[in-house]
>>> print(open('coords_13.cif').read())   # mmCIF, C-alpha atoms
data_start
loop_
_atom_site.label_atom_id
_atom_site.label_comp_id
_atom_site.auth_asym_id
_atom_site.auth_seq_id
_atom_site.Cartn_x
_atom_site.Cartn_y
_atom_site.Cartn_z
CA MET A 1473 0.00 0.00 0.00
CA ASP A 1474 1.33 3.46 -0.89
CA TRP A 1475 2.59 5.54 2.00
CA GLN A 1476 0.17 8.37 1.16
CA ILE A 1477 -2.82 6.04 1.56
CA LEU A 1478 -1.44 4.67 4.81
CA PHE A 1479 -0.81 8.18 6.11
CA ILE A 1480 -4.35 9.34 5.28
CA LEU A 1481 -5.76 6.13 6.78
CA TYR A 1482 -3.89 6.49 10.08
CA VAL A 1483 -4.63 10.21 10.46
CA GLY A 1484 -8.27 9.57 9.53
CA MET A 1485 -8.53 6.83 12.17
CA LEU A 1486 -6.95 9.14 14.73
CA PHE A 1487 -9.33 12.03 14.13
CA PHE A 1488 -12.30 9.64 14.00
CA LEU A 1489 -11.44 8.32 17.46
CA LEU A 1490 -10.93 11.87 18.75
CA ALA A 1491 -14.30 12.87 17.27
CA MET A 1492 -15.82 9.93 19.17
CA ARG A 1493 -14.42 11.62 22.31
CA LEU A 1494 -11.84 8.95 23.04
CA GLU A 1495 -9.04 10.35 25.20
CA ILE A 1496 -6.03 11.36 23.12
CA ALA A 1497 -3.67 8.94 24.88
CA PHE A 1498 -5.86 5.95 24.02
CA ALA A 1499 -6.63 7.28 20.53
CA LEU A 1500 -2.90 7.47 19.72
CA GLY A 1501 -2.20 4.06 21.22
CA THR A 1502 -5.19 2.43 19.52
CA VAL A 1503 -4.20 3.73 16.08
CA GLY A 1504 -0.62 2.55 16.70
CA ILE A 1505 -1.70 -0.99 17.56
CA LEU A 1506 -4.38 -1.26 14.85
CA GLY A 1507 -1.95 0.14 12.30
CA LEU A 1508 0.60 -2.59 13.08
CA VAL A 1509 -2.16 -5.20 12.77
CA LEU A 1510 -3.23 -3.81 9.39
CA LEU A 1511 0.40 -4.00 8.21
CA GLY A 1512 0.52 -7.62 9.34
CA ARG A 1513 3.39 -6.82 11.69
CA PHE A 1514 2.13 -8.95 14.58
CA ASP A 1515 5.73 -9.61 15.62
CA MET A 1516 6.11 -5.91 16.38
CA LEU A 1517 3.35 -6.06 19.01
CA ASN A 1518 5.78 -7.91 21.28
CA SER A 1519 8.01 -4.83 21.25
CA LEU A 1520 5.36 -2.53 22.75
CA GLY A 1521 6.08 -3.59 26.33
CA ILE A 1522 9.75 -2.63 25.96
CA LEU A 1523 8.69 0.58 24.21
CA VAL A 1524 6.44 1.59 27.12
CA TRP A 1525 9.20 0.83 29.64
CA ASN A 1526 11.83 2.80 27.72
CA THR A 1527 9.38 5.71 27.34
CA THR A 1528 8.64 6.08 31.04
CA ASN A 1529 12.09 5.07 32.35
CA SER A 1530 13.42 8.59 31.78
CA PHE A 1531 15.23 10.80 34.28
CA VAL A 1532 14.24 13.86 32.25
CA LEU A 1533 10.52 13.18 32.69
CA THR A 1534 10.78 12.88 36.48
CA CYS A 1535 10.82 16.67 36.70
CA ILE A 1536 7.22 16.83 35.40
CA PRO A 1537 5.51 15.61 38.61
CA LEU A 1538 7.93 17.67 40.70
CA PHE A 1539 7.24 20.92 38.86
CA LEU A 1540 3.51 20.17 38.93
CA PHE A 1541 3.68 19.48 42.68
CA MET A 1542 5.57 22.75 43.25
CA GLY A 1543 2.95 24.73 41.33
CA GLU A 1544 0.06 22.97 43.04
CA MET A 1545 1.53 23.68 46.48
CA LEU A 1546 1.56 27.39 45.66
CA LEU A 1547 -1.94 27.21 44.24
CA GLN A 1548 -3.53 25.09 47.00
CA GLY A 1549 -1.63 26.94 49.74
CA GLY A 1550 -3.25 30.17 48.56
CA ILE A 1551 -0.10 32.28 48.75
CA SER A 1552 -0.34 33.64 45.21
CA ASP A 1553 -2.14 36.61 46.79
CA LYS A 1554 1.13 37.47 48.59
CA LEU A 1555 2.91 37.74 45.26
CA TYR A 1556 0.07 39.77 43.80
CA SER A 1557 -0.17 42.12 46.79
CA GLY A 1558 3.57 42.81 46.88
CA LEU A 1559 3.84 43.53 43.16
CA SER A 1560 0.76 45.79 43.20
CA LYS A 1561 2.36 47.99 45.87
CA ILE A 1562 5.66 48.18 44.02
CA ILE A 1563 3.93 49.14 40.75
CA GLY A 1564 1.70 51.70 42.47
CA ARG A 1565 0.49 54.42 40.09
CA PHE A 1566 2.42 53.13 37.08
CA PRO A 1567 0.13 53.42 33.98
CA GLY A 1568 -2.26 50.51 34.12
CA SER A 1569 -1.47 49.84 37.77
CA LEU A 1570 -3.08 46.53 38.74
CA LEU A 1571 -3.40 45.49 35.09
CA GLN A 1572 0.40 45.57 34.99
CA THR A 1573 0.38 43.58 38.22
CA ASN A 1574 -1.65 40.90 36.43
CA VAL A 1575 0.97 40.50 33.70
CA LEU A 1576 3.98 40.59 36.03
CA SER A 1577 2.35 38.25 38.55
CA CYS A 1578 1.57 35.80 35.75
CA ALA A 1579 5.16 36.00 34.53
CA ALA A 1580 6.49 35.38 38.04
CA PHE A 1581 4.09 32.52 38.73
CA ALA A 1582 4.90 31.01 35.32
CA ALA A 1583 8.58 31.02 36.30
CA ILE A 1584 7.62 28.86 39.26
CA SER A 1585 4.80 26.54 38.21
CA GLY A 1586 5.55 25.72 34.55
CA SER A 1587 1.83 25.51 33.88
CA SER A 1588 -0.31 27.95 31.91
CA VAL A 1589 -3.56 26.73 33.43
CA ALA A 1590 -2.21 26.93 36.99
CA THR A 1591 -0.91 30.45 36.32
CA ALA A 1592 -4.23 31.71 34.94
CA ALA A 1593 -6.15 30.05 37.78
CA ALA A 1594 -3.87 31.22 40.61
CA ILE A 1595 -3.51 34.85 39.55
CA GLY A 1596 -7.00 35.13 38.03
CA SER A 1597 -8.74 33.98 41.20
CA VAL A 1598 -6.98 36.78 43.12
CA ALA A 1599 -7.11 39.50 40.45
CA VAL A 1600 -10.61 39.30 38.96
CA PRO A 1601 -12.56 40.05 42.18
CA GLN A 1602 -10.16 42.82 43.26
CA LEU A 1603 -9.98 44.65 39.94
CA THR A 1604 -13.69 44.30 39.24
CA LYS A 1605 -14.50 45.81 42.64
CA ARG A 1606 -12.14 48.72 42.02
CA GLY A 1607 -13.69 49.59 38.67
CA TYR A 1608 -11.14 48.39 36.13
CA ASN A 1609 -12.39 47.69 32.61
CA LYS A 1610 -13.49 44.03 32.46
CA GLY A 1611 -12.04 43.43 29.02
CA MET A 1612 -8.63 44.72 30.08
CA ILE A 1613 -8.72 42.52 33.19
CA LEU A 1614 -9.55 39.37 31.24
CA GLY A 1615 -7.11 40.10 28.41
CA SER A 1616 -4.15 40.71 30.73
CA LEU A 1617 -4.89 37.47 32.60
CA GLY A 1618 -5.49 35.41 29.46
CA GLY A 1619 -2.36 36.61 27.69
CA GLY A 1620 -0.26 36.66 30.85
CA GLY A 1621 -1.48 33.24 31.95
CA ALA A 1622 -0.30 31.64 28.71
CA LEU A 1623 3.28 32.66 29.59
CA GLY A 1624 3.47 29.45 31.63
CA MET A 1625 4.17 27.62 28.37
CA LEU A 1626 7.20 29.73 27.44
CA ILE A 1627 8.85 31.20 30.53
CA PRO A 1628 10.88 28.41 32.18
CA PRO A 1629 10.16 25.99 33.66
CA SER A 1630 7.65 24.79 31.07
CA ILE A 1631 5.89 21.43 31.00
CA PRO A 1632 5.59 21.44 27.16
CA MET A 1633 9.33 22.20 26.94
CA ILE A 1634 10.05 19.13 29.09
CA VAL A 1635 7.81 16.93 26.94
CA TYR A 1636 9.31 18.30 23.71
CA GLY A 1637 12.86 17.80 24.97
CA ALA A 1638 12.13 14.20 25.96
CA MET A 1639 10.49 13.42 22.60
CA VAL A 1640 13.27 14.88 20.43
CA ASN A 1641 16.13 13.97 22.80
CA GLU A 1642 17.20 17.58 23.32
CA SER A 1643 18.52 19.24 26.49
CA VAL A 1644 15.60 20.37 28.65
CA ALA A 1645 17.88 22.79 30.52
CA LYS A 1646 18.83 24.52 27.26
CA LEU A 1647 15.19 24.56 26.12
CA PHE A 1648 14.21 26.21 29.41
CA MET A 1649 16.79 28.95 28.98
CA ALA A 1650 15.91 29.38 25.30
CA GLY A 1651 12.40 30.47 26.22
CA LEU A 1652 13.52 33.14 28.70
CA ILE A 1653 14.28 36.07 26.36
CA PRO A 1654 11.21 35.50 24.13
CA GLY A 1655 9.13 35.31 27.32
CA ILE A 1656 10.54 38.61 28.56
CA ILE A 1657 9.85 40.18 25.14
CA ALA A 1658 6.23 39.00 25.38
CA VAL A 1659 5.93 40.58 28.85
CA ILE A 1660 7.34 43.88 27.51
CA PHE A 1661 4.79 43.82 24.68
CA PHE A 1662 1.94 43.19 27.11
CA VAL A 1663 3.05 45.94 29.51
CA SER A 1664 3.50 48.40 26.62
CA TYR A 1665 0.09 47.55 25.18
CA ILE A 1666 -1.59 48.24 28.53
CA ILE A 1667 0.25 51.55 28.89
CA ILE A 1668 -0.83 52.67 25.41
CA ARG A 1669 -4.45 51.68 26.00
CA VAL A 1670 -4.80 53.41 29.37
CA VAL A 1671 -3.00 56.55 28.19
CA ILE A 1672 -5.36 56.83 25.22
CA ASN A 1673 -8.46 55.95 27.26
CA LYS A 1674 -8.18 56.86 30.93
CA ASP A 1675 -11.67 55.43 31.60
CA LEU A 1676 -10.21 51.92 31.44
CA VAL A 1677 -8.74 52.31 34.94
CA PRO A 1678 -10.15 54.01 38.06
CA GLU A 1679 -8.97 57.50 38.89
CA ASP A 1680 -8.34 56.81 42.57
CA VAL A 1681 -5.46 54.36 42.11
CA LYS A 1682 -3.60 54.26 45.40
CA GLY A 1683 0.01 55.40 45.44
CA TYR A 1684 2.67 54.05 47.80
CA SER A 1685 5.68 55.77 49.30
CA PHE A 1686 9.22 54.56 48.68
CA ILE A 1687 9.34 53.11 52.20
CA GLU A 1688 6.07 51.23 51.62
CA LYS A 1689 7.43 49.82 48.36
CA ILE A 1690 10.56 48.62 50.15
CA LYS A 1691 8.36 46.94 52.77
CA ALA A 1692 6.32 45.34 49.97
CA PHE A 1693 9.49 43.57 48.91
CA SER A 1694 9.10 41.42 52.03
CA GLU A 1695 5.96 39.93 50.46
CA ILE A 1696 7.73 38.77 47.30
CA TYR A 1697 11.37 38.11 48.21
CA GLN A 1698 10.69 34.42 48.85
CA PHE A 1699 9.20 34.09 45.36
CA ILE A 1700 12.32 35.77 43.94
CA ILE A 1701 14.51 33.28 45.82
CA LEU A 1702 12.39 30.44 44.43
CA ILE A 1703 12.82 31.67 40.85
CA MET A 1704 16.57 32.06 41.41
CA ILE A 1705 16.76 28.51 42.77
CA VAL A 1706 14.83 27.00 39.87
CA LEU A 1707 16.35 28.99 36.99
CA GLY A 1708 19.74 29.93 38.47
CA GLY A 1709 20.60 26.35 39.37
CA ILE A 1710 19.85 25.20 35.82
CA TYR A 1711 21.71 28.05 34.11
CA LEU A 1712 24.82 27.66 36.26
CA GLY A 1713 24.85 23.92 35.68
CA VAL A 1714 24.61 23.28 39.42
CA MET A 1715 21.35 21.33 39.11
CA THR A 1716 19.48 19.41 36.46
CA PRO A 1717 15.84 20.44 35.84
CA THR A 1718 14.73 17.48 37.97
CA GLU A 1719 16.98 18.48 40.86
CA SER A 1720 15.94 22.13 40.63
CA ALA A 1721 12.28 21.06 40.72
CA ALA A 1722 12.92 18.96 43.83
CA VAL A 1723 14.80 21.75 45.63
CA GLY A 1724 12.14 24.26 44.52
CA SER A 1725 9.39 22.04 45.95
CA ILE A 1726 11.18 21.96 49.29
CA TRP A 1727 11.51 25.76 49.25
CA VAL A 1728 7.78 26.11 48.53
CA MET A 1729 7.03 23.95 51.58
CA ILE A 1730 9.27 26.24 53.64
CA MET A 1731 7.34 29.24 52.26
CA LEU A 1732 4.05 27.63 53.27
CA VAL A 1733 5.39 27.03 56.79
CA PHE A 1734 6.51 30.68 56.94
CA TYR A 1735 3.03 31.87 55.92
CA LYS A 1736 1.38 29.27 58.21
CA LYS A 1737 -0.40 27.70 55.23
CA LEU A 1738 1.14 24.22 55.32
CA ASN A 1739 -1.16 21.43 56.47
CA LEU A 1740 -2.05 17.87 55.51
CA ALA A 1741 -5.02 18.99 53.42
CA VAL A 1742 -2.81 21.22 51.24
CA ILE A 1743 -0.20 18.49 50.80
CA LYS A 1744 -2.84 15.84 50.01
CA LYS A 1745 -4.66 18.02 47.48
CA SER A 1746 -1.39 19.08 45.83
CA LEU A 1747 -0.19 15.49 45.56
CA GLU A 1748 -3.52 14.31 44.17
CA ARG A 1749 -3.63 16.98 41.46
CA ALA A 1750 0.07 16.60 40.58
CA VAL A 1751 -0.25 12.81 40.31
CA LYS A 1752 -3.44 13.05 38.27
CA THR A 1753 -1.93 15.52 35.79
CA SER A 1754 1.36 13.60 35.62
CA CYS A 1755 -0.46 10.34 34.86
CA MET A 1756 -2.41 12.06 32.11
CA ILE A 1757 0.78 13.41 30.55
CA PHE A 1758 2.63 10.09 30.82
CA PHE A 1759 -0.26 8.17 29.27
CA ILE A 1760 -0.25 10.60 26.36
CA ILE A 1761 3.53 10.24 25.98
CA ILE A 1762 3.17 6.44 25.87
CA GLY A 1763 0.36 6.67 23.31
CA ALA A 1764 2.37 9.12 21.21
CA ASN A 1765 5.40 6.83 21.19
CA VAL A 1766 3.26 3.86 20.11
CA PHE A 1767 1.97 6.03 17.25
CA THR A 1768 5.54 7.09 16.43
CA PHE A 1769 6.55 3.42 16.41
CA LEU A 1770 3.84 2.75 13.80
CA ILE A 1771 4.94 5.71 11.65
CA ALA A 1772 8.53 4.42 11.70
CA LYS A 1773 7.70 0.76 11.02
CA SER A 1774 5.33 1.62 8.18
CA GLY A 1775 8.05 3.67 6.48
CA ILE A 1776 5.92 6.82 6.39
CA ASN A 1777 8.61 8.96 8.00
CA HIS A 1778 11.24 8.11 5.36
CA SER A 1779 8.75 8.44 2.50
CA LEU A 1780 7.57 11.78 3.83
CA MET A 1781 11.16 13.02 4.03
CA ASP A 1782 11.84 11.88 0.47
CA TRP A 1783 8.70 13.67 -0.72
CA VAL A 1784 9.66 16.92 1.05
CA ILE A 1785 13.16 16.73 -0.42
CA SER A 1786 11.68 16.16 -3.88
CA ILE A 1787 9.60 19.36 -3.77
CA ASN A 1788 12.59 21.22 -2.30
CA PRO A 1789 10.81 23.77 -0.08
CA SER A 1790 12.78 26.55 1.53
CA GLN A 1791 13.08 26.61 5.31
CA LEU A 1792 10.63 29.51 5.44
CA GLU A 1793 8.06 27.68 3.29
CA LEU A 1794 8.28 24.57 5.44
CA LEU A 1795 7.97 26.49 8.71
CA LEU A 1796 5.05 28.55 7.38
CA ILE A 1797 3.18 25.35 6.53
CA ILE A 1798 3.88 23.97 10.02
CA PHE A 1799 2.86 27.25 11.69
CA VAL A 1800 -0.45 27.33 9.80
CA ILE A 1801 -1.15 23.71 10.75
CA TYR A 1802 -0.50 24.49 14.42
CA LEU A 1803 -2.68 27.60 14.35
CA ILE A 1804 -5.53 25.51 12.91
CA LEU A 1805 -4.98 22.66 15.38
CA GLY A 1806 -4.93 25.21 18.21
CA CYS A 1807 -8.61 25.82 17.51
CA LEU A 1808 -9.40 22.12 17.88
CA ILE A 1809 -7.20 20.57 20.58
CA ASP A 1810 -5.08 21.64 23.55
CA GLY A 1811 -1.43 22.55 23.24
CA LEU A 1812 0.15 19.39 24.66
CA SER A 1813 -2.02 17.23 22.43
CA MET A 1814 -0.80 19.25 19.44
CA ILE A 1815 2.78 18.35 20.29
CA PHE A 1816 2.06 14.66 20.71
CA LEU A 1817 0.00 14.45 17.52
CA THR A 1818 2.40 16.25 15.22
CA LEU A 1819 5.98 15.66 16.38
CA PRO A 1820 6.13 12.01 15.25
CA ILE A 1821 5.24 13.17 11.74
CA ILE A 1822 7.09 16.46 11.33
CA MET A 1823 10.26 15.82 13.37
CA PRO A 1824 12.02 13.66 10.74
CA VAL A 1825 11.43 16.45 8.22
CA ILE A 1826 12.66 19.11 10.67
CA ARG A 1827 15.85 17.12 11.26
CA GLN A 1828 16.35 16.53 7.54
CA MET A 1829 16.10 20.27 6.86
CA GLY A 1830 18.81 20.90 9.45
CA ILE A 1831 16.60 23.16 11.60
CA ASN A 1832 17.96 23.83 15.09
CA LEU A 1833 15.75 21.84 17.47
CA ILE A 1834 16.07 24.30 20.36
CA TRP A 1835 15.10 27.23 18.11
CA PHE A 1836 12.19 25.23 16.69
CA GLY A 1837 11.15 24.16 20.20
CA VAL A 1838 10.76 27.80 21.28
CA MET A 1839 8.63 28.61 18.22
CA LEU A 1840 6.56 25.48 18.84
CA ASN A 1841 5.90 26.54 22.43
CA ILE A 1842 4.83 30.02 21.33
CA LEU A 1843 2.28 28.32 19.07
CA VAL A 1844 1.18 26.21 22.04
CA GLU A 1845 0.76 29.43 24.05
CA ILE A 1846 -1.40 30.85 21.27
CA ALA A 1847 -3.56 27.70 21.44
CA GLN A 1848 -4.25 28.47 25.12
CA ILE A 1849 -6.20 31.61 24.12
CA THR A 1850 -7.58 30.40 20.78
CA PRO A 1851 -11.31 29.62 20.61
CA PRO A 1852 -13.19 27.40 20.88
CA LEU A 1853 -10.99 25.13 23.05
CA GLY A 1854 -8.37 27.45 24.57
CA LEU A 1855 -7.98 26.25 28.17
CA ASN A 1856 -7.18 29.70 29.55
CA LEU A 1857 -10.45 31.00 28.09
CA PHE A 1858 -12.37 28.40 30.10
CA ILE A 1859 -10.39 29.17 33.27
CA LEU A 1860 -11.27 32.89 32.96
CA HIS A 1861 -14.88 32.05 32.14
CA GLY A 1862 -15.11 29.94 35.30
CA ILE A 1863 -13.55 32.66 37.47
CA SER A 1864 -15.27 35.75 36.05
CA LYS A 1865 -18.56 34.26 34.74
CA SER A 1866 -18.17 36.63 31.77
CA PRO A 1867 -19.59 35.61 28.36
CA MET A 1868 -17.09 33.58 26.36
CA GLU A 1869 -17.28 35.97 23.41
CA ASP A 1870 -16.16 38.86 25.66
CA ILE A 1871 -13.21 36.85 26.92
CA ILE A 1872 -12.18 35.88 23.38
CA LYS A 1873 -12.40 39.50 22.24
CA SER A 1874 -10.31 40.75 25.16
CA CYS A 1875 -7.58 38.12 24.51
CA PHE A 1876 -7.32 38.81 20.77
CA PRO A 1877 -4.68 41.61 21.07
CA TYR A 1878 -2.50 39.19 23.05
CA PHE A 1879 -2.98 36.58 20.33
CA LEU A 1880 -1.54 39.11 17.86
CA MET A 1881 1.34 39.99 20.17
CA TYR A 1882 2.29 36.33 20.52
CA LEU A 1883 2.36 36.12 16.71
CA ILE A 1884 4.74 39.09 16.65
CA VAL A 1885 7.01 37.35 19.18
CA LEU A 1886 6.92 34.24 16.98
CA ILE A 1887 7.97 36.28 13.95
CA LEU A 1888 10.79 37.95 15.91
CA VAL A 1889 12.12 34.58 17.12
CA TYR A 1890 12.08 33.33 13.53
CA LEU A 1891 13.80 36.42 12.13
CA PHE A 1892 16.35 36.63 14.96
CA PRO A 1893 17.19 33.08 16.18
CA ILE A 1894 19.77 34.55 18.57
CA LEU A 1895 16.86 35.66 20.79
CA SER A 1896 16.27 32.02 21.70
CA LEU A 1897 19.79 30.66 21.26
CA TRP A 1898 21.99 33.26 23.00
CA ILE A 1899 21.46 32.00 26.57
CA PRO A 1900 21.71 28.25 25.71
CA LEU A 1901 24.97 28.95 23.84
CA ASN A 1902 26.40 30.67 26.93
CA MET A 1903 25.13 28.32 29.63
CA MET A 1904 27.70 27.00 32.10
CA VAL A 1905 27.00 23.35 31.28
#
>>> encode(input="coords_13.cif", output="structure tokens")
Amino acid sequence: MDWQILFILYVGMLFFLLAMRLEIAFALGTVGILGLVLLGRFDMLNSLGILVWNTTNSFVLTCIPLFLFMGEMLLQGGISDKLYSGLSKIIGRFPGSLLQTNVLSCAAFAAISGSSVATAAAIGSVAVPQLTKRGYNKGMILGSLGGGGALGMLIPPSIPMIVYGAMVNESVAKLFMAGLIPGIIAVIFFVSYIIIRVVINKDLVPEDVKGYSFIEKIKAFSEIYQFIILIMIVLGGIYLGVMTPTESAAVGSIWVMIMLVFYKKLNLAVIKKSLERAVKTSCMIFFIIIGANVFTFLIAKSGINHSLMDWVISINPSQLELLLIIFVIYLILGCLIDGLSMIFLTLPIIMPVIRQMGINLIWFGVMLNILVEIAQITPPLGLNLFILHGISKSPMEDIIKSCFPYFLMYLIVLILVYLFPILSLWIPLNMMV
């Protein structure tokens, strides 16, 4: 059977199972097994046990539950309000005031939790009631939280970066650091956008924004210094080569527990809930990774990957043409499935082509994660949109409209990273590892 027919058949089976609402992990695994049966490769089924073991027996992947546990401890312990309160006092009357606090708090929480959903939920649950009560424009509130919340995918540590690194056998530490400058650029864009909007239309923010003296701002530092230490532990240890991502996640988790003791928030209920949610999310991710590798195994054994590479070489696309096609595919998929699922579905197919074209995998990984961020605020299935809907009870169309400027700004960051690869590669090239 021609590889094109096989490819259409497997992809068709996959989307049929997804349309039947089968979980993506089992959809990928089912297509992988059925595909081997259709090829008559029953002998290959005996290899699946070893494949599953090799997939999960990875030191790199052990940092996923640790980072998730660290983020959940912060979320369940309810100390994200400390971060928010401290930053709001330091920002004071800066144009946009608490709207800027939303963005900066999201960036800081993203540098701790590694999760976009956790970031939007933690900061949104604190910010929405406070800003609504003070008279801030609802659209500006929701947009700053939706766009800022998605930073959890790009600013290190990032769960999608870990998954991507494990799947393409690339350094997770370097991937983490590669996302730092693009993440900072995104934050600068968001802050600048808010400044421009509130300067043009002063009705978007209340007139009686409270100012704080220099002494009060210094005192406010006491509310956030532990978060700064946590970020330095997690990112500094990786950059300096002192710790692996797994080790930094473990040390960071211990520091979070110390923070909870300091704020008198640590108890068995918080630990139990954090463990439950971290284990549940980790199991979901690992099941998807296993399913994706079974699907990858099918693609390799059926010869589709080599045939696809030969076909791409035959049409001789430029690097820009290839990446544009991939970007468009991801933007479309972002409307249909969540970001992690996009990675698992597409990497087995496109990665051989990416390698063949000689594209730097760290550079591509950053661009891929920006596209995953965009998926978080892309209707109809953007997870951050649902988080904000649940917190604010605002109509979904209002939330989508308020997040659209941030969608465009993420696209601009994507274009900048493509045009200037050094933005994502400078830190990895100078890491002390």
>>> residues_around(input="coords_13.cif", residues="segment 1551-1558 of chain A", least_positions_apart="3", cutoff="8 Å", atoms="only C-alpha atoms", output="PDB file with C-alpha atoms, in the coordinates of the input")
ATOM      1  CA  LEU A1546       1.560  27.390  45.660  1.00  0.00           C
ATOM      2  CA  LEU A1547      -1.940  27.210  44.240  1.00  0.00           C
ATOM      3  CA  LYS A1561       2.360  47.990  45.870  1.00  0.00           C
ATOM      4  CA  ILE A1562       5.660  48.180  44.020  1.00  0.00           C
ATOM      5  CA  THR A1573       0.380  43.580  38.220  1.00  0.00           C
ATOM      6  CA  ASN A1574      -1.650  40.900  36.430  1.00  0.00           C
ATOM      7  CA  SER A1577       2.350  38.250  38.550  1.00  0.00           C
ATOM      8  CA  PHE A1581       4.090  32.520  38.730  1.00  0.00           C
ATOM      9  CA  ALA A1594      -3.870  31.220  40.610  1.00  0.00           C
ATOM     10  CA  ILE A1595      -3.510  34.850  39.550  1.00  0.00           C
ATOM     11  CA  VAL A1598      -6.980  36.780  43.120  1.00  0.00           C
ATOM     12  CA  ALA A1599      -7.110  39.500  40.450  1.00  0.00           C
ATOM     13  CA  ALA A1692       6.320  45.340  49.970  1.00  0.00           C
ATOM     14  CA  PHE A1693       9.490  43.570  48.910  1.00  0.00           C
ATOM     15  CA  SER A1694       9.100  41.420  52.030  1.00  0.00           C
ATOM     16  CA  GLU A1695       5.960  39.930  50.460  1.00  0.00           C
ATOM     17  CA  ILE A1696       7.730  38.770  47.300  1.00  0.00           C
ATOM     18  CA  PHE A1699       9.200  34.090  45.360  1.00  0.00           C
ATOM     19  CA  LEU A1732       4.050  27.630  53.270  1.00  0.00           C
ATOM     20  CA  TYR A1735       3.030  31.870  55.920  1.00  0.00           C
ATOM     21  CA  LYS A1737      -0.400  27.700  55.230  1.00  0.00           C
TER      22      LYS A1737
END
>>> residues_around(input="coords_13.cif", residues="Asp1474 of chain A", least_positions_apart="4", cutoff="10 Å", atoms="all atoms listed in the file", output="list of chain:residue names")
A:Leu1478, A:Phe1479, A:Gly1775, A:Ile1776, A:Ser1779
>>> resolve_selection(input="coords_13.cif", expression="the PyMOL selection byres ((chain A and resi 1798-1802) around 10)", output="count of residues only")
25
>>> resolve_selection(input="coords_13.cif", expression="the PyMOL selection byres ((chain A and resi 1510) around 12)", output="list in words")
Met1473, Leu1478, Leu1481, Tyr1482, Val1503, Gly1504, Ile1505, Leu1506, Gly1507, Leu1508, Val1509, Leu1511, Gly1512, Arg1513, Phe1514, Met1516, Leu1517, Leu1770, Lys1773 and Ser1774 of chain A
>>> resolve_selection(input="coords_13.cif", expression="the PyMOL selection byres ((chain A and resi 1888) around 12)", output="PyMOL selection string")
chain A and resi 1653-1655+1657-1658+1835+1838-1839+1842+1881-1887+1889-1896
>>> write_last_selection(input="coords_13.cif", atoms="C-alpha atoms", output="compact mmCIF listing (two decimals), in the coordinates of the input")
# COMPACT_ATOMS: atom_id res chain seq x y z
CA ILE A 1653 14.28 36.07 26.36
CA PRO A 1654 11.21 35.50 24.13
CA GLY A 1655 9.13 35.31 27.32
CA ILE A 1657 9.85 40.18 25.14
CA ALA A 1658 6.23 39.00 25.38
CA TRP A 1835 15.10 27.23 18.11
CA VAL A 1838 10.76 27.80 21.28
CA MET A 1839 8.63 28.61 18.22
CA ILE A 1842 4.83 30.02 21.33
CA MET A 1881 1.34 39.99 20.17
CA TYR A 1882 2.29 36.33 20.52
CA LEU A 1883 2.36 36.12 16.71
CA ILE A 1884 4.74 39.09 16.65
CA VAL A 1885 7.01 37.35 19.18
CA LEU A 1886 6.92 34.24 16.98
CA ILE A 1887 7.97 36.28 13.95
CA VAL A 1889 12.12 34.58 17.12
CA TYR A 1890 12.08 33.33 13.53
CA LEU A 1891 13.80 36.42 12.13
CA PHE A 1892 16.35 36.63 14.96
CA PRO A 1893 17.19 33.08 16.18
CA ILE A 1894 19.77 34.55 18.57
CA LEU A 1895 16.86 35.66 20.79
CA SER A 1896 16.27 32.02 21.70
>>> residues_near_point(input="coords_13.cif", point="(5.2, 8.7, 25.7)", cutoff="9 Å", atoms="all atoms listed in the file", output="number ranges by chain")
A: 1497, 1523-1524, 1527-1528, 1635, 1638-1639, 1757-1766, 1816
>>> axis_aligned_box(input="coords_13.cif", around="segment 1830-1835 of chain A", padding_each_side="4 Å", output="JSON")
{"center_x": 17.0, "center_y": 24.1, "center_z": 14.9, "size_x": 11.7, "size_y": 14.3, "size_z": 18.9}
>>> closest_residue(input="coords_13.cif", among="A:Val1659, A:Ala1721, A:Ile1666, A:Leu1819", to="Tyr1636 of chain A", atoms="only C-alpha atoms")
A:Leu1819
>>> atom_distance(input="coords_13.cif", atom1="atom CA of Phe1858 of chain A", atom2="atom CA of Met1612 of chain A")
16.7 Å
>>> closest_atom_pairs(input="coords_13.cif", of="segment 1700-1746 of chain A", to="segment 1532-1542 of chain A", cutoff="9 Å", atoms="only C-alpha atoms", output="JSON lines")
{"residue": "A:Thr1716", "atom": "CA", "partner": "A:Val1532", "partner_atom": "CA", "distance": 8.7}
{"residue": "A:Pro1717", "atom": "CA", "partner": "A:Cys1535", "partner_atom": "CA", "distance": 6.3}
{"residue": "A:Thr1718", "atom": "CA", "partner": "A:Cys1535", "partner_atom": "CA", "distance": 4.2}
{"residue": "A:Glu1719", "atom": "CA", "partner": "A:Cys1535", "partner_atom": "CA", "distance": 7.7}
{"residue": "A:Ser1720", "atom": "CA", "partner": "A:Cys1535", "partner_atom": "CA", "distance": 8.5}
{"residue": "A:Ala1721", "atom": "CA", "partner": "A:Phe1539", "partner_atom": "CA", "distance": 5.4}
{"residue": "A:Ala1722", "atom": "CA", "partner": "A:Leu1538", "partner_atom": "CA", "distance": 6.0}
{"residue": "A:Gly1724", "atom": "CA", "partner": "A:Met1542", "partner_atom": "CA", "distance": 6.9}
{"residue": "A:Ser1725", "atom": "CA", "partner": "A:Met1542", "partner_atom": "CA", "distance": 4.7}
{"residue": "A:Ile1726", "atom": "CA", "partner": "A:Met1542", "partner_atom": "CA", "distance": 8.3}
{"residue": "A:Trp1727", "atom": "CA", "partner": "A:Met1542", "partner_atom": "CA", "distance": 9.0}
{"residue": "A:Val1728", "atom": "CA", "partner": "A:Met1542", "partner_atom": "CA", "distance": 6.6}
{"residue": "A:Met1729", "atom": "CA", "partner": "A:Met1542", "partner_atom": "CA", "distance": 8.5}
{"residue": "A:Ser1746", "atom": "CA", "partner": "A:Phe1541", "partner_atom": "CA", "distance": 6.0}
